[in-house]
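For reference, the structure is listed below as structure tokens.
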Amino acid sequence: MIFYTLGTQLSFGRMTKAVDDWCAARGRSDVFGQISDPGENGYRPQNFDWVDRIPPSEFDDRFDRADFIIAHAGMGSIITAQDLNKLIVVMPRRAHLNEHRNDHQYETVRHLAGRPGLLVAMDDSELPDILDEAVKLAPEWAARAASPYADPGLIDAIRREISGASQPQRSPRQFLARLTLRHTVS
């Protein structure tokens with residue numbers, strides 16, 4: 001199941017239409033959306049089930065069971081996905097299109113793009129390809145076991161450094177930079 005969430009305050013017709021079109025083009029029937037009230041003239045999806053609001057317990061359950069999340073670029077959705085180790089696809093609302101008061105979502109994704117588990121579509125034309133990528137990545141991402149503990153390789157590297165097994169001596173900044181690089185590359 002893919003969970004599409006926009007929060008409860010504002011609809012986002014441009015994104016909802018892009019997700020709906022993607023569902024139709026790819027024959028997807030596994031998307032469920034919580035999209036806020038689209039209003040009398042707003043876009044109403046035809047190719048996936050949706051509601052405007054759901055109880056918090058159902059929201060949590062759908063978020064937890066989803067293969068991946070599709071959302072506006074709200075920090076609540078991004079942080080929840082990161083906390084639950086969920087792959088998330090986001091697209092920012094834009095102020096010049098009257099989708100929000102300002103461009104804080106655009107600025108958010110500019111700064112967060114490229115982080116593991118966060119796929120960004122800057123606009124609706126990019127969204128279908130990003131969703132296709134998420135479908136391919138979701139099984140691998142789900143197989144990653146979230147752990148409250150550091151990676152064993154990182155712990156071993158720190159132990160070697162502390163015991164003096166790693167030579168030559170480096171400054172703490174060089175040590176951390178080398179560990180970070182080694183940990184993100186491997």
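If you're wondering about the labels, chains in the structure tokens are A, B, ... by order shown, residues count from 1 in each chain, ligands from 1 in order shown.
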> Just asking: which residues within chain A are helix (DSSP H, G or I) according to DSSP, as a PyMOL selection string?
Replying inline: chain A and resi 13-26+56-65+75-83+95-97+104-112+127-143+152-163+172-185
Output as CSV one row per residue of stretch 122-145 of chain A within 12 Å of stretch 105-118 of chain A: the closest atom pair and its distance in Å to one decimal place, counting only C-alpha atoms, sorted by chain and residue number ascending.
```
residue,atom,partner,partner_atom,distance
A:Met122,CA,A:Tyr106,CA,7.7
A:Asp123,CA,A:Tyr106,CA,9.9
A:Ile130,CA,A:Leu118,CA,10.5
A:Leu131,CA,A:Leu118,CA,11.6
A:Glu133,CA,A:Leu118,CA,11.4
A:Ala134,CA,A:Gly117,CA,9.3
A:Leu137,CA,A:Gly117,CA,9.2
A:Ala138,CA,A:Gly117,CA,9.4
A:Glu140,CA,A:Gly117,CA,10.8
A:Trp141,CA,A:Gly117,CA,7.6
A:Ala142,CA,A:Gly117,CA,10.3
A:Arg144,CA,A:Gly117,CA,10.9
```
> What residues in stretch 2-180 of chain A get the DSSP label strand (DSSP E or B)? Please answer as a PyMOL selection string.
Replying inline: chain A and resi 2-5+31-34+49-51+68-72+88-91+118-120
Selection from above, N, CA, C and O atoms, as a PDB file, in the first residue's frame, can you write it?
```pdb
ATOM      1  N   ILE A   2       0.458   2.223  -0.746  1.00  0.00           N
ATOM      2  CA  ILE A   2       1.143   3.517  -0.792  1.00  0.00           C
ATOM      3  C   ILE A   2       0.211   4.525  -0.135  1.00  0.00           C
ATOM      4  O   ILE A   2      -0.966   4.613  -0.488  1.00  0.00           O
ATOM      5  N   PHE A   3       0.732   5.263   0.822  1.00  0.00           N
ATOM      6  CA  PHE A   3      -0.081   6.240   1.552  1.00  0.00           C
ATOM      7  C   PHE A   3       0.272   7.642   1.079  1.00  0.00           C
ATOM      8  O   PHE A   3       1.427   8.058   1.145  1.00  0.00           O
ATOM      9  N   TYR A   4      -0.739   8.355   0.598  1.00  0.00           N
ATOM     10  CA  TYR A   4      -0.599   9.730   0.113  1.00  0.00           C
ATOM     11  C   TYR A   4      -1.261  10.643   1.131  1.00  0.00           C
ATOM     12  O   TYR A   4      -2.450  10.509   1.404  1.00  0.00           O
ATOM     13  N   THR A   5      -0.502  11.566   1.712  1.00  0.00           N
ATOM     14  CA  THR A   5      -1.051  12.448   2.734  1.00  0.00           C
ATOM     15  C   THR A   5      -0.689  13.907   2.488  1.00  0.00           C
ATOM     16  O   THR A   5       0.449  14.221   2.132  1.00  0.00           O
ATOM     17  N   VAL A  31      -2.997   2.783  -3.858  1.00  0.00           N
ATOM     18  CA  VAL A  31      -2.772   4.089  -3.235  1.00  0.00           C
ATOM     19  C   VAL A  31      -4.012   4.474  -2.441  1.00  0.00           C
ATOM     20  O   VAL A  31      -5.139   4.322  -2.914  1.00  0.00           O
ATOM     21  N   PHE A  32      -3.781   4.958  -1.230  1.00  0.00           N
ATOM     22  CA  PHE A  32      -4.853   5.514  -0.410  1.00  0.00           C
ATOM     23  C   PHE A  32      -4.434   6.914  -0.029  1.00  0.00           C
ATOM     24  O   PHE A  32      -3.294   7.137   0.404  1.00  0.00           O
ATOM     25  N   GLY A  33      -5.353   7.884  -0.169  1.00  0.00           N
ATOM     26  CA  GLY A  33      -5.010   9.263   0.111  1.00  0.00           C
ATOM     27  C   GLY A  33      -5.832   9.900   1.210  1.00  0.00           C
ATOM     28  O   GLY A  33      -7.030   9.672   1.332  1.00  0.00           O
ATOM     29  N   GLN A  34      -5.167  10.686   2.005  1.00  0.00           N
ATOM     30  CA  GLN A  34      -5.792  11.587   2.976  1.00  0.00           C
ATOM     31  C   GLN A  34      -5.424  12.969   2.469  1.00  0.00           C
ATOM     32  O   GLN A  34      -4.298  13.419   2.626  1.00  0.00           O
ATOM     33  N   ASP A  49      -8.528   5.503  -3.821  1.00  0.00           N
ATOM     34  CA  ASP A  49      -9.440   5.797  -2.712  1.00  0.00           C
ATOM     35  C   ASP A  49      -8.853   6.913  -1.868  1.00  0.00           C
ATOM     36  O   ASP A  49      -7.639   6.974  -1.654  1.00  0.00           O
ATOM     37  N   TRP A  50      -9.743   7.763  -1.365  1.00  0.00           N
ATOM     38  CA  TRP A  50      -9.275   8.882  -0.554  1.00  0.00           C
ATOM     39  C   TRP A  50     -10.359   9.344   0.405  1.00  0.00           C
ATOM     40  O   TRP A  50     -11.538   9.054   0.219  1.00  0.00           O
ATOM     41  N   VAL A  51      -9.914  10.052   1.427  1.00  0.00           N
ATOM     42  CA  VAL A  51     -10.788  10.730   2.378  1.00  0.00           C
ATOM     43  C   VAL A  51     -10.167  12.094   2.660  1.00  0.00           C
ATOM     44  O   VAL A  51      -8.984  12.318   2.384  1.00  0.00           O
ATOM     45  N   PHE A  68       5.645   2.930   0.949  1.00  0.00           N
ATOM     46  CA  PHE A  68       6.271   4.238   0.984  1.00  0.00           C
ATOM     47  C   PHE A  68       5.193   5.302   1.090  1.00  0.00           C
ATOM     48  O   PHE A  68       4.010   5.020   0.936  1.00  0.00           O
ATOM     49  N   ILE A  69       5.618   6.522   1.354  1.00  0.00           N
ATOM     50  CA  ILE A  69       4.725   7.650   1.594  1.00  0.00           C
ATOM     51  C   ILE A  69       4.873   8.658   0.454  1.00  0.00           C
ATOM     52  O   ILE A  69       5.981   8.892  -0.033  1.00  0.00           O
ATOM     53  N   ILE A  70       3.753   9.248   0.062  1.00  0.00           N
ATOM     54  CA  ILE A  70       3.754  10.396  -0.857  1.00  0.00           C
ATOM     55  C   ILE A  70       3.149  11.549  -0.061  1.00  0.00           C
ATOM     56  O   ILE A  70       2.100  11.369   0.562  1.00  0.00           O
ATOM     57  N   ALA A  71       3.793  12.716  -0.070  1.00  0.00           N
ATOM     58  CA  ALA A  71       3.294  13.816   0.751  1.00  0.00           C
ATOM     59  C   ALA A  71       3.713  15.169   0.189  1.00  0.00           C
ATOM     60  O   ALA A  71       4.671  15.271  -0.578  1.00  0.00           O
ATOM     61  N   HIS A  72       3.002  16.188   0.637  1.00  0.00           N
ATOM     62  CA  HIS A  72       3.488  17.549   0.429  1.00  0.00           C
ATOM     63  C   HIS A  72       4.761  17.675   1.256  1.00  0.00           C
ATOM     64  O   HIS A  72       5.057  16.814   2.089  1.00  0.00           O
ATOM     65  N   ILE A  88      10.008   8.274   1.547  1.00  0.00           N
ATOM     66  CA  ILE A  88       8.982   9.287   1.325  1.00  0.00           C
ATOM     67  C   ILE A  88       9.293  10.076   0.062  1.00  0.00           C
ATOM     68  O   ILE A  88      10.449  10.423  -0.200  1.00  0.00           O
ATOM     69  N   VAL A  89       8.247  10.320  -0.719  1.00  0.00           N
ATOM     70  CA  VAL A  89       8.308  11.171  -1.905  1.00  0.00           C
ATOM     71  C   VAL A  89       7.576  12.449  -1.553  1.00  0.00           C
ATOM     72  O   VAL A  89       6.416  12.394  -1.116  1.00  0.00           O
ATOM     73  N   VAL A  90       8.241  13.593  -1.722  1.00  0.00           N
ATOM     74  CA  VAL A  90       7.597  14.871  -1.407  1.00  0.00           C
ATOM     75  C   VAL A  90       7.642  15.812  -2.605  1.00  0.00           C
ATOM     76  O   VAL A  90       8.524  15.711  -3.459  1.00  0.00           O
ATOM     77  N   MET A  91       6.658  16.703  -2.614  1.00  0.00           N
ATOM     78  CA  MET A  91       6.612  17.774  -3.605  1.00  0.00           C
ATOM     79  C   MET A  91       6.163  19.034  -2.874  1.00  0.00           C
ATOM     80  O   MET A  91       5.182  19.001  -2.131  1.00  0.00           O
ATOM     81  N   LEU A 118      14.550  10.175   1.221  1.00  0.00           N
ATOM     82  CA  LEU A 118      13.738  11.331   0.836  1.00  0.00           C
ATOM     83  C   LEU A 118      13.908  11.580  -0.655  1.00  0.00           C
ATOM     84  O   LEU A 118      14.990  11.957  -1.109  1.00  0.00           O
ATOM     85  N   LEU A 119      12.848  11.349  -1.418  1.00  0.00           N
ATOM     86  CA  LEU A 119      12.857  11.608  -2.859  1.00  0.00           C
ATOM     87  C   LEU A 119      12.031  12.856  -3.108  1.00  0.00           C
ATOM     88  O   LEU A 119      10.910  12.968  -2.610  1.00  0.00           O
ATOM     89  N   VAL A 120      12.579  13.782  -3.892  1.00  0.00           N
ATOM     90  CA  VAL A 120      11.943  15.074  -4.093  1.00  0.00           C
ATOM     91  C   VAL A 120      11.560  15.269  -5.551  1.00  0.00           C
ATOM     92  O   VAL A 120      12.391  15.111  -6.445  1.00  0.00           O
TER      93      VAL A 120
END
```
>> If I take atom CA of A:Pro55 and atom CA of A:Asp37, how far is one from the other in Å, to one decimal?
In response: 14.8 Å
> With only C-alpha atoms as the atoms that count, which of A:Gly7, A:Glu99, A:Ile162, A:Val19 lies nearest to A:Leu127?
Replying inline: A:Val19
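Each of A:Ser11, A:Met1, A:Ala121, A:Ala18 was checked against A:Asn41 using only C-alpha atoms; the smallest atom-to-atom distance is that of A:Ser11.
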> Leaving out A:Asn47 and any residue of its chain fewer than 2 positions from it, which residues lie within 6 Å of it when counting only C-alpha atoms, given as a list of chain:residue names?
Replying inline: A:Asp20, A:Ala24, A:Pro45
Export, as a compact mmCIF listing (two decimals), in the first residue's frame, the selected residues with all heavy atoms.
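The resulting file, again24.txt, is reproduced below:
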```
# COMPACT_ATOMS: atom_id res chain seq x y z
N ASP A 20 -2.98 10.98 -9.16
CA ASP A 20 -4.13 10.31 -9.78
C ASP A 20 -3.80 9.87 -11.21
O ASP A 20 -4.08 8.72 -11.60
CB ASP A 20 -5.33 11.25 -9.77
CG ASP A 20 -6.65 10.53 -9.96
OD1 ASP A 20 -6.82 9.41 -9.46
OD2 ASP A 20 -7.54 11.12 -10.61
N ALA A 24 -3.50 5.99 -12.80
CA ALA A 24 -4.18 5.54 -14.01
C ALA A 24 -3.19 5.01 -15.04
O ALA A 24 -3.40 3.95 -15.63
CB ALA A 24 -4.99 6.70 -14.60
N PRO A 45 -9.77 12.92 -6.89
CA PRO A 45 -9.16 11.78 -7.59
C PRO A 45 -10.19 10.74 -8.02
O PRO A 45 -11.18 10.48 -7.32
CB PRO A 45 -8.21 11.19 -6.56
CG PRO A 45 -8.18 12.11 -5.41
CD PRO A 45 -9.29 13.08 -5.54
```
